[in-house]
Amino acid sequence: MTKTITLAQGNGGEENNELIKKVFYKAFKNEILERSEDAAVIGNLAMTTDSFTVSPLFFAGADIGKLAVCGTCNDLAMMGAQPKYLTCSVIIEEGFEVESLERIVESMRSELSINGAVVVSGDTKVVPKGSVDKIFINTTGLGEIVQAGISSNNVSEEDVILINRDIGCHGATIFAAREGIEMSSSLKSDCNSLYPQVKALIDAGIRITAMRDATRGGVAAVLNEWARQSNVCIEVEEDKIPISDEVKGICEMLGFEATALANEGTFVLAVKKEDAQRAVEVLQSFEVCAMASVVGGVSQKYPQKVILKSPWGTSRFLETPNGELLPRIC
């Protein structure tokens, strides 16, 4: 590992994993932490925390406030938990506009209501100009588990892999906004609360093995984490992965892989084979999930690896993203 921290170590990919394991897991090692789930499961409760430093603060489809609530509530939802209580800690740079702060807080309030959650504690710090870039938000969430046993350590050959919607919208939107790229399309961040979709799946009796929102590191990072944690091979059909024309265009223009771009309302599921079609139908009942799709299956062909199969009959390993792709994206 490098002697000093680099931006690549916050990318959600290989360098980020190495930093977490060699520094934080080494110090804080315990049975709950080492399960590496989206949220810690403690009895019938799920708990998670996240910090948000996106730039720019306001972008097509969301802002840092909506992002902060969605990010934490979604981590709880991915463990089959209904978000209940959040804390909110804010670090604000001297000189930040009160009007912008009020817009951000209103976004948080609106998104909390969708999840049925409330903020029950918080902290505010104001620091001298230049100490932070405008505003950083940390949210910690507590949720009540509605369906137990969901774990990224339990994926098996009895499962198939689904994605709830098209991938890469958040990463592509942030990059376009940051670089001042004028888009004549409807591209916007997928930032969205996922608990309503998860609840619909649970209410329909779908047998869910694992779920994970594909944030930093994108779908590629999620699939590789599952392959390693469950000691299986995940085989994915490239042409089944839903990608919008707008995201394809940005990826072709800038040389990105859509599977490595960050998402904030897109999640990957492993469900029992027999429930796959019904799960797709449940997801497609949500307007934003029209492109929900079964994208692959699970085998023991190459344990701990992900195989990406092209429509032309070739295949290659889909690796965990590495390097500095897009820092400060969530």
# chains A, B, ... in the order shown; residues from 1 in each chain; ligands from 1
>>> residues_around(residues="Val247 of chain A", least_positions_apart="6", cutoff="7 Å", atoms="only C-alpha atoms", output="MDAnalysis selection string")
chainID A and resid 168:169 172
>>> closest_atom_pairs(of="segment 179-247 of chain A", to="segment 48-63 of chain A", cutoff="8 Å", atoms="only C-alpha atoms", output="Markdown table")
| residue | atom | partner | partner_atom | distance |
| --- | --- | --- | --- | --- |
| A:Leu187 | CA | A:Ala60 | CA | 7.6 |
| A:Lys188 | CA | A:Ala60 | CA | 4.8 |
| A:Ser189 | CA | A:Gly61 | CA | 5.0 |
| A:Asp190 | CA | A:Gly61 | CA | 7.0 |
| A:Cys191 | CA | A:Ala62 | CA | 6.4 |
>>> residues_around(residues="Ile135 of chain A", least_positions_apart="2", cutoff="8 Å", atoms="only C-alpha atoms", output="PDB file with N, CA and C atoms, in the first residue's frame")
ATOM      1  N   THR A  53     -19.654  13.771   0.086  1.00  0.00           N
ATOM      2  CA  THR A  53     -18.791  14.917  -0.273  1.00  0.00           C
ATOM      3  C   THR A  53     -18.870  15.209  -1.764  1.00  0.00           C
ATOM      4  N   VAL A  90     -23.228  17.601  10.071  1.00  0.00           N
ATOM      5  CA  VAL A  90     -22.926  18.480   8.936  1.00  0.00           C
ATOM      6  C   VAL A  90     -21.694  19.332   9.254  1.00  0.00           C
ATOM      7  N   ILE A  91     -20.756  19.351   8.330  1.00  0.00           N
ATOM      8  CA  ILE A  91     -19.598  20.249   8.430  1.00  0.00           C
ATOM      9  C   ILE A  91     -19.737  21.291   7.331  1.00  0.00           C
ATOM     10  N   ILE A  92     -19.861  22.560   7.718  1.00  0.00           N
ATOM     11  CA  ILE A  92     -20.161  23.634   6.772  1.00  0.00           C
ATOM     12  C   ILE A  92     -18.990  24.610   6.711  1.00  0.00           C
ATOM     13  N   GLU A  93     -18.627  25.001   5.499  1.00  0.00           N
ATOM     14  CA  GLU A  93     -17.553  25.971   5.312  1.00  0.00           C
ATOM     15  C   GLU A  93     -18.070  27.388   5.571  1.00  0.00           C
ATOM     16  N   PHE A  96     -20.814  29.745   3.438  1.00  0.00           N
ATOM     17  CA  PHE A  96     -21.778  28.964   2.660  1.00  0.00           C
ATOM     18  C   PHE A  96     -23.150  29.645   2.699  1.00  0.00           C
ATOM     19  N   VAL A 132     -12.971  22.900   4.274  1.00  0.00           N
ATOM     20  CA  VAL A 132     -13.700  21.880   3.521  1.00  0.00           C
ATOM     21  C   VAL A 132     -14.240  22.545   2.257  1.00  0.00           C
ATOM     22  N   ASP A 133     -14.698  21.735   1.314  1.00  0.00           N
ATOM     23  CA  ASP A 133     -15.280  22.283   0.095  1.00  0.00           C
ATOM     24  C   ASP A 133     -16.787  22.428   0.288  1.00  0.00           C
ATOM     25  N   ILE A 137     -21.614  16.021   4.594  1.00  0.00           N
ATOM     26  CA  ILE A 137     -22.701  15.489   5.426  1.00  0.00           C
ATOM     27  C   ILE A 137     -22.422  14.034   5.776  1.00  0.00           C
TER      28      ILE A 137
END
>>> residues_around(residues="Asp203 of chain A", least_positions_apart="2", cutoff="12 Å", atoms="only C-alpha atoms", output="PyMOL selection string")
chain A and resi 80+146-147+195-201+205-208+278-279+282
>>> select_by_dssp(residues="segment 63-220 of chain A", states="strand (DSSP E or B)", output="number ranges by chain")
A: 63, 81-93, 118-127, 135-145, 159-163, 208-213
>>> select_by_dssp(residues="segment 61-176 of chain A", states="helix (DSSP H, G or I)", output="number ranges by chain")
A: 64-77, 98-115, 169-176
>>> write_last_selection(atoms="N, CA, C and O atoms", output="short mmCIF file (atom, residue, chain, number, x, y, z; two decimals), in the first residue's frame")
data_model
loop_
_atom_site.label_atom_id
_atom_site.label_comp_id
_atom_site.auth_asym_id
_atom_site.auth_seq_id
_atom_site.Cartn_x
_atom_site.Cartn_y
_atom_site.Cartn_z
N ILE A 64 -26.82 16.95 -2.73
CA ILE A 64 -26.11 16.24 -1.67
C ILE A 64 -27.04 15.84 -0.52
O ILE A 64 -26.81 14.82 0.15
N GLY A 65 -28.12 16.60 -0.31
CA GLY A 65 -29.06 16.25 0.77
C GLY A 65 -29.83 14.98 0.46
O GLY A 65 -29.90 14.05 1.27
N LYS A 66 -30.42 14.91 -0.74
CA LYS A 66 -31.14 13.69 -1.15
C LYS A 66 -30.18 12.51 -1.15
O LYS A 66 -30.52 11.41 -0.70
N LEU A 67 -28.97 12.76 -1.65
CA LEU A 67 -27.97 11.70 -1.72
C LEU A 67 -27.65 11.14 -0.33
O LEU A 67 -27.53 9.92 -0.15
N ALA A 68 -27.53 12.04 0.66
CA ALA A 68 -27.17 11.61 2.01
C ALA A 68 -28.24 10.71 2.63
O ALA A 68 -27.92 9.73 3.32
N VAL A 69 -29.50 11.05 2.40
CA VAL A 69 -30.58 10.23 2.97
C VAL A 69 -30.73 8.93 2.18
O VAL A 69 -30.84 7.84 2.75
N CYS A 70 -30.74 9.04 0.83
CA CYS A 70 -30.87 7.82 0.02
C CYS A 70 -29.72 6.85 0.29
O CYS A 70 -29.94 5.64 0.44
N GLY A 71 -28.50 7.37 0.36
CA GLY A 71 -27.35 6.49 0.53
C GLY A 71 -27.44 5.66 1.79
O GLY A 71 -27.21 4.43 1.78
N THR A 72 -27.81 6.30 2.89
CA THR A 72 -27.88 5.57 4.16
C THR A 72 -29.12 4.67 4.23
O THR A 72 -29.03 3.51 4.65
N CYS A 73 -30.26 5.20 3.81
CA CYS A 73 -31.48 4.37 3.83
C CYS A 73 -31.35 3.18 2.89
O CYS A 73 -31.84 2.08 3.21
N ASN A 74 -30.71 3.37 1.75
CA ASN A 74 -30.54 2.26 0.81
C ASN A 74 -29.65 1.16 1.38
O ASN A 74 -29.89 -0.03 1.14
N ASP A 75 -28.62 1.54 2.12
CA ASP A 75 -27.77 0.52 2.75
C ASP A 75 -28.57 -0.34 3.74
O ASP A 75 -28.33 -1.54 3.86
N LEU A 76 -29.50 0.29 4.43
CA LEU A 76 -30.37 -0.47 5.34
C LEU A 76 -31.32 -1.37 4.55
O LEU A 76 -31.50 -2.55 4.87
N ALA A 77 -31.91 -0.81 3.49
CA ALA A 77 -32.84 -1.58 2.66
C ALA A 77 -32.18 -2.82 2.06
O ALA A 77 -32.82 -3.87 1.92
N VAL A 98 -26.95 30.41 3.11
CA VAL A 98 -28.04 29.81 3.90
C VAL A 98 -29.12 29.26 2.98
O VAL A 98 -29.72 28.21 3.24
N GLU A 99 -29.39 29.96 1.86
CA GLU A 99 -30.41 29.50 0.92
C GLU A 99 -30.07 28.10 0.38
O GLU A 99 -30.94 27.24 0.26
N SER A 100 -28.81 27.89 0.08
CA SER A 100 -28.39 26.56 -0.42
C SER A 100 -28.53 25.51 0.67
O SER A 100 -28.96 24.38 0.41
N LEU A 101 -28.19 25.90 1.91
CA LEU A 101 -28.33 24.96 3.02
C LEU A 101 -29.80 24.57 3.21
O LEU A 101 -30.13 23.40 3.43
N GLU A 102 -30.70 25.55 3.09
CA GLU A 102 -32.12 25.26 3.25
C GLU A 102 -32.62 24.34 2.13
O GLU A 102 -33.45 23.45 2.36
N ARG A 103 -32.13 24.52 0.91
CA ARG A 103 -32.52 23.63 -0.20
C ARG A 103 -32.06 22.19 0.09
O ARG A 103 -32.79 21.23 -0.14
N ILE A 104 -30.86 22.07 0.61
CA ILE A 104 -30.31 20.73 0.92
C ILE A 104 -31.12 20.06 2.02
O ILE A 104 -31.49 18.88 1.93
N VAL A 105 -31.43 20.81 3.07
CA VAL A 105 -32.18 20.24 4.20
C VAL A 105 -33.60 19.86 3.75
O VAL A 105 -34.15 18.84 4.17
N GLU A 106 -34.20 20.67 2.89
CA GLU A 106 -35.54 20.34 2.39
C GLU A 106 -35.51 19.05 1.56
O GLU A 106 -36.42 18.22 1.64
N SER A 107 -34.46 18.84 0.79
CA SER A 107 -34.31 17.59 0.05
C SER A 107 -34.22 16.41 1.01
O SER A 107 -34.79 15.34 0.74
N MET A 108 -33.51 16.60 2.10
CA MET A 108 -33.39 15.52 3.09
C MET A 108 -34.75 15.21 3.70
O MET A 108 -35.12 14.05 3.86
N ARG A 109 -35.50 16.27 4.05
CA ARG A 109 -36.81 16.06 4.66
C ARG A 109 -37.72 15.28 3.72
O ARG A 109 -38.41 14.34 4.12
N SER A 110 -37.73 15.67 2.45
CA SER A 110 -38.59 15.01 1.47
C SER A 110 -38.25 13.53 1.32
O SER A 110 -39.14 12.68 1.27
N GLU A 111 -36.97 13.23 1.28
CA GLU A 111 -36.56 11.83 1.07
C GLU A 111 -36.79 10.99 2.32
O GLU A 111 -37.12 9.80 2.23
N LEU A 112 -36.65 11.60 3.49
CA LEU A 112 -36.95 10.88 4.74
C LEU A 112 -38.39 10.42 4.76
O LEU A 112 -38.69 9.30 5.19
N SER A 113 -39.30 11.27 4.26
CA SER A 113 -40.72 10.91 4.29
C SER A 113 -41.01 9.72 3.40
O SER A 113 -41.87 8.89 3.71
N ILE A 114 -40.30 9.60 2.29
CA ILE A 114 -40.49 8.44 1.39
C ILE A 114 -40.10 7.15 2.10
O ILE A 114 -40.73 6.10 1.92
N ASN A 115 -39.08 7.22 2.93
CA ASN A 115 -38.60 6.03 3.64
C ASN A 115 -39.35 5.77 4.95
O ASN A 115 -39.18 4.73 5.56
N CYS A 169 -25.97 5.94 -14.44
CA CYS A 169 -26.55 7.28 -14.62
C CYS A 169 -25.94 8.30 -13.65
O CYS A 169 -25.68 9.45 -14.02
N HIS A 170 -25.72 7.91 -12.39
CA HIS A 170 -25.19 8.87 -11.42
C HIS A 170 -23.76 9.30 -11.81
O HIS A 170 -23.47 10.50 -11.86
N GLY A 171 -22.92 8.34 -12.09
CA GLY A 171 -21.54 8.66 -12.45
C GLY A 171 -21.47 9.52 -13.69
O GLY A 171 -20.72 10.50 -13.75
N ALA A 172 -22.26 9.17 -14.71
CA ALA A 172 -22.23 9.93 -15.96
C ALA A 172 -22.76 11.34 -15.75
O ALA A 172 -22.23 12.31 -16.31
N THR A 173 -23.81 11.48 -14.92
CA THR A 173 -24.40 12.81 -14.67
C THR A 173 -23.42 13.72 -13.93
O THR A 173 -23.25 14.88 -14.28
N ILE A 174 -22.78 13.16 -12.89
CA ILE A 174 -21.83 13.97 -12.12
C ILE A 174 -20.66 14.39 -13.00
O ILE A 174 -20.21 15.54 -12.95
N PHE A 175 -20.19 13.46 -13.82
CA PHE A 175 -19.05 13.81 -14.67
C PHE A 175 -19.43 14.92 -15.66
O PHE A 175 -18.68 15.87 -15.85
N ALA A 176 -20.64 14.79 -16.26
CA ALA A 176 -21.08 15.80 -17.22
C ALA A 176 -21.20 17.17 -16.55
O ALA A 176 -20.79 18.19 -17.11
#
>>> closest_residue(among="A:Gly296, A:Pro327, A:Gly180, A:Pro242", to="Asn164 of chain A", atoms="only C-alpha atoms")
A:Pro242
>>> closest_residue(among="A:Gln284, A:Thr87, A:Thr209, A:Gln82", to="Arg165 of chain A", atoms="only C-alpha atoms")
A:Gln284
>>> atom_distance(atom1="atom CA of Glu15 of chain A", atom2="atom CA of Ile150 of chain A")
26.6 Å
>>> closest_residue(among="A:Gly95, A:Ser186, A:Lys84, A:Ala148", to="Lys129 of chain A", atoms="only C-alpha atoms")
A:Gly95
>>> residues_around(residues="Glu14 of chain A", least_positions_apart="2", cutoff="8 Å", atoms="only C-alpha atoms", output="PyMOL selection string")
chain A and resi 9+12+16-18+320-322
>>> atom_distance(atom1="atom CA of Met211 of chain A", atom2="atom CA of Gln229 of chain A")
13.2 Å
>>> residues_around(residues="Ile241 of chain A", least_positions_apart="2", cutoff="12 Å", atoms="only C-alpha atoms", output="PyMOL selection string")
chain A and resi 161-168+219-220+235-239+243-244+248+258-259+266+268+291-296+308-311
>>> atom_distance(atom1="atom CA of Leu326 of chain A", atom2="atom CA of Leu194 of chain A")
23.4 Å
>>> closest_residue(among="A:Val23, A:Gly297, A:Thr215, A:Cys233", to="Val160 of chain A", atoms="only C-alpha atoms")
A:Gly297
